[in-house]
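S.K.: One structure, pasted below without further comment.
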Amino acid sequence: MNKRTTISASDEIIFNLKVLAKGKEIVRRKLAATAAKLAVTAKKLAIIAEKKEGVRRKLAITAKEKEIVRRELVMTAEKLAATAEKLAATAKEKESVRRRKLAATAEKLAATAEKLAATAREKESVRRKLAVTAAKLAATAEEKENVRRKLAVIAGELAVTAREKETVRRKLVVTAEKLKGSYETLEKKVLERTKDLEMARAKEEAVLLSIGDGLIVTDEKGGIILINKTAEKLFGVKSKEVLGKLFSEVVILVDEKGVSIPPEKHPIRMALGAGATTVAGSIYYYSRKDKTKFPMAITATPVILGGKVIGTIKVFRDITYEREIDKAKTEFVSLASHQLRTPLSTVNWYAEMLLEGDVGELNEKQKKYLGEAYRSNQRMVELVNALLDVSSLELGTFMIEPEPTDIIKLAQSVIDEQKPQIDTKKIIFSFSSGKNISLMQADPKHLRIIVQNILSNAIKYTPPGGKIRLSISLMNKNNILLKIYDTGYGIPKNQQDKIFTKLFRADNVRDKNTDGTGLGLYIVKSIVENSGGKVWFKSGGGRNKCTTFYVELPFVEVKKSEKGRSIPGRKEDTK
Amino acid sequence: MANKLLNSKKRTILVLEDDRPLLEVINAKLEKSGFGVILARSVEQAFNANLDKNGLGAITARSIEQALDYLEKLERIDAIWLDHHLLGEEDGLDFVKKFKANGGRWSKTPVFVVSNAASPKTVKSYILSGVSKYYVKSDHRLDEIVEDIKSFLDHHEK
């Protein structure tokens, strides 16, 4: 094989080369055709290029426009982004708000839920209570039913009654008709009676108006509804002026010094208050318009109807005249007592001189007789003195003149005065006084009268050999107590309440002792009470029963600076 | 001698008292007690007192001035016993006032009021006008008063 491949390879190369050349020629022709075609295509391409350039230019313009648009778009996009951000923030906020709200709402709901739970519990308890109540109501209902049944029975009965009433009513109508007839008759009678009553009233009024004493009638408030002629004259007013006015406006009451008496102390007020008659003493004066005044006795009586005070009746009397008589009487007693003292002094002193033997010795019998006369005269002096004291007490001229007084010394001097009587009766006497009793403000004359009386009484009414104890002590800072104890006759129980009465003497002592005026204790009580103290006693009564008199007096201590002053009371002590 | 001594010691007392029986008994007691007594029943009389019997010379006077003039001439006056009620218009108090005001050298003479007028007001007036003591007649024995006056004078003349 290899030799054949080598001889054929050369011929093949020449042949290939000839084919190649022929191929090349075709390619060259094809290439030329292609080139021609390419040229046409190039020309076409140029035209296209030109067209493309136009398009490109147009595109460039469009691109620019697009760029602007793009930019705008970018801006818009930015804006949108910002907006989006804002929206996101807003959304966040909204979200948080929403959450908070939700939380709050949730809380509220929780609270509400709790309340509801509580309410539910309450409701439950109420329900239970209601259940109980319901049970009770059920019971009540049962009871009610019972009552209703009973009521039904009663209603039935009432129906019967109603029918009966109707019958009665019918009867009443008949009666009413009859009554009408009677009424007409009655009216006639009433008219007649009224006339009679008016006559009687007129008579009564005439009597009241013409009565000798002043008379004023007031309503319950004190408004004057009637004043009689005497009262008009007494108060210097006219009925017309004062009717309807208040009594207290019309009648001004004053005391002795002309100081007006407060309305609550008016007898009329007191009568209205007490619902009883008040008789006023002479402390009431009426002050006239011209400022002159006169003493009045006033009786005020409330008019009571059905337990209620509906008015008052006041009766007035000008007691100037009575007062004058009273004063004259007391002055007479005072003057008479004074006039009596002079002849008594004469008898006293002449008897004294005779008894003393100043004009020659008397025999025993003469001495005895004259002694009796002398002692009786002494009693008379005592009586006159007591009467003088009483009259001045009653006249109101018993002046209290306090001055620094040594009560112990004063009592001692009274004891000394009465020592002869004590000794004569062999009475065992003792006097004790508390420590530290300093000078006191008191009227020594009055104090002396008090001590004299209680001591002389004790001596007089204690049998010979008896005991008397006088003591003076301070009860407290403000009161001093005089105590006199005796083993005397005592004061009968049934007469103890009268012992301080004027001129009273107990039966048992009148028997034994004709001495004594019955004025001593009356005077003591008057003085003690006038000085703001009190006097009382304790007595077993009957025979040989002990008696103790107590005198309590205000103790007004004299300050040290006053002690240096003279004590005028002493001047009168003659012993 | 003794008599002379007694005379020199004899006190003179002027007594003014309207009641004659009382005046007599007072006079008797005072004389018995050793006083020289001048009696008068009125203020006027007091100043007109006849002092003859006491050897002190007669004094007559119509007016207060004159009376006081005579009182000036009195040798001695030791005490005055005075009642409140006297004859005439004037009473003891008038006398005291006049005497204290115009009594000259005797105006300091102690005055003893012896009276039954014992109203507190009267007593106070006397005490205030300067009298020495006040006695209620009926409350005292005569010798009591005389002794008291004597002891007062003894005490005050020392």
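Ligands are numbered from 1 in the order shown, chains are lettered A, B, ... in the order of the structure tokens, and residues start at 1 in each chain.
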Might you pull out every residue within 10 Å of stretch 140-144 of chain B, with only C-alpha atoms counted and same-chain residues fewer than 3 positions away left off, and present them as an NGL selection string?
M.R.: (:A and (345-346 or 348-350 or 352-353 or 356 or 574-575)) or (:B and (25-26 or 29-30 or 33 or 114 or 135-137 or 147-150))
S.K.: Generate the output file for the selected residues, C-alpha atoms, as a PDB file, in the first residue's frame.
M.R.:
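Just written: again17.pdb:
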```
ATOM      1  CA  SER A 345     -85.828 106.804 186.955  1.00  0.00           C
ATOM      2  CA  THR A 346     -87.210 109.042 189.691  1.00  0.00           C
ATOM      3  CA  ASN A 348     -85.474 104.142 191.027  1.00  0.00           C
ATOM      4  CA  TRP A 349     -83.151 106.773 192.319  1.00  0.00           C
ATOM      5  CA  TYR A 350     -85.245 107.835 195.314  1.00  0.00           C
ATOM      6  CA  GLU A 352     -82.040 103.637 195.826  1.00  0.00           C
ATOM      7  CA  MET A 353     -81.128 106.530 198.136  1.00  0.00           C
ATOM      8  CA  GLU A 356     -78.713 103.025 200.775  1.00  0.00           C
ATOM      9  CA  THR A 574     -70.009 101.790 182.679  1.00  0.00           C
ATOM     10  CA  LYS A 575     -68.575  98.932 184.593  1.00  0.00           C
TER      11      LYS A 575
ATOM     12  CA  VAL B  25     -82.388 113.601 194.017  1.00  0.00           C
ATOM     13  CA  ILE B  26     -79.363 114.217 191.814  1.00  0.00           C
ATOM     14  CA  LYS B  29     -76.656 112.426 195.853  1.00  0.00           C
ATOM     15  CA  LEU B  30     -73.971 114.676 194.402  1.00  0.00           C
ATOM     16  CA  SER B  33     -70.782 112.483 197.435  1.00  0.00           C
ATOM     17  CA  VAL B 114     -77.532 111.618 181.685  1.00  0.00           C
ATOM     18  CA  TYR B 135     -75.717 107.388 180.439  1.00  0.00           C
ATOM     19  CA  VAL B 136     -79.267 106.146 179.971  1.00  0.00           C
ATOM     20  CA  LYS B 137     -80.918 107.181 183.243  1.00  0.00           C
ATOM     21  CA  GLU B 147     -69.003 107.002 191.089  1.00  0.00           C
ATOM     22  CA  ASP B 148     -68.247 106.724 187.400  1.00  0.00           C
ATOM     23  CA  ILE B 149     -68.036 110.503 187.019  1.00  0.00           C
ATOM     24  CA  LYS B 150     -65.763 110.682 190.063  1.00  0.00           C
TER      25      LYS B 150
END
```
S.K.: One decimal, in Å: what's the spacing between atom CA of A:Ala82 and atom CA of A:Ser96?
M.R.: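 Atom CA of A:Ser96 lies 20.6 Å from atom CA of A:Ala82.
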S.K.: Taking the DSSP assignment computed from this structure's backbone, write out as a VMD selection string all residues of stretch 216-271 of chain A that belong to strand (DSSP E).
M.R.: chain A and resid 216 to 219 224 to 227 253 to 254
S.K.: Please determine, counting only C-alpha atoms, which residue among A:Ile472, A:Pro343, A:Asn436, A:Asn513 has the shortest atom-to-atom distance to chain B.
M.R.: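 Going through A:Ile472, A:Pro343, A:Asn436, A:Asn513 one by one, the smallest distance to chain B is for A:Pro343.
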S.K.: Enter the distance from atom CA of A:Asp358 to atom CA of B:Trp81, in Å, rounded to one decimal.
M.R.: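 Atom-to-atom, atom CA of A:Asp358 and atom CA of B:Trp81 are spaced 20.7 Å apart.
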S.K.: What's the 9 Å shell around B:Lys133, counting only C-alpha atoms, without same-chain residues fewer than 3 positions away, as a list in words?
M.R.: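 Using only C-alpha atoms, the neighbours found are Lys571 and Glu572 of chain A; Pro110, Val111, Phe112, Val113, Val114, Tyr126, Ile127, Gly130 and Ile149 of chain B.
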S.K.: At what distance in Å, to one decimal, does atom CA of A:Ile449 lie from atom CA of A:Leu410?
M.R.: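 Rounded to one decimal, the two atoms are 10.6 Å apart.
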S.K.: Skip stretch 154-158 of chain B itself and residues of its chain fewer than 6 positions away, then list as number ranges by chain all residues within 12 Å of it, counting only C-alpha atoms.
M.R.: B: 9, 11, 78-79, 108-110, 132, 147-148
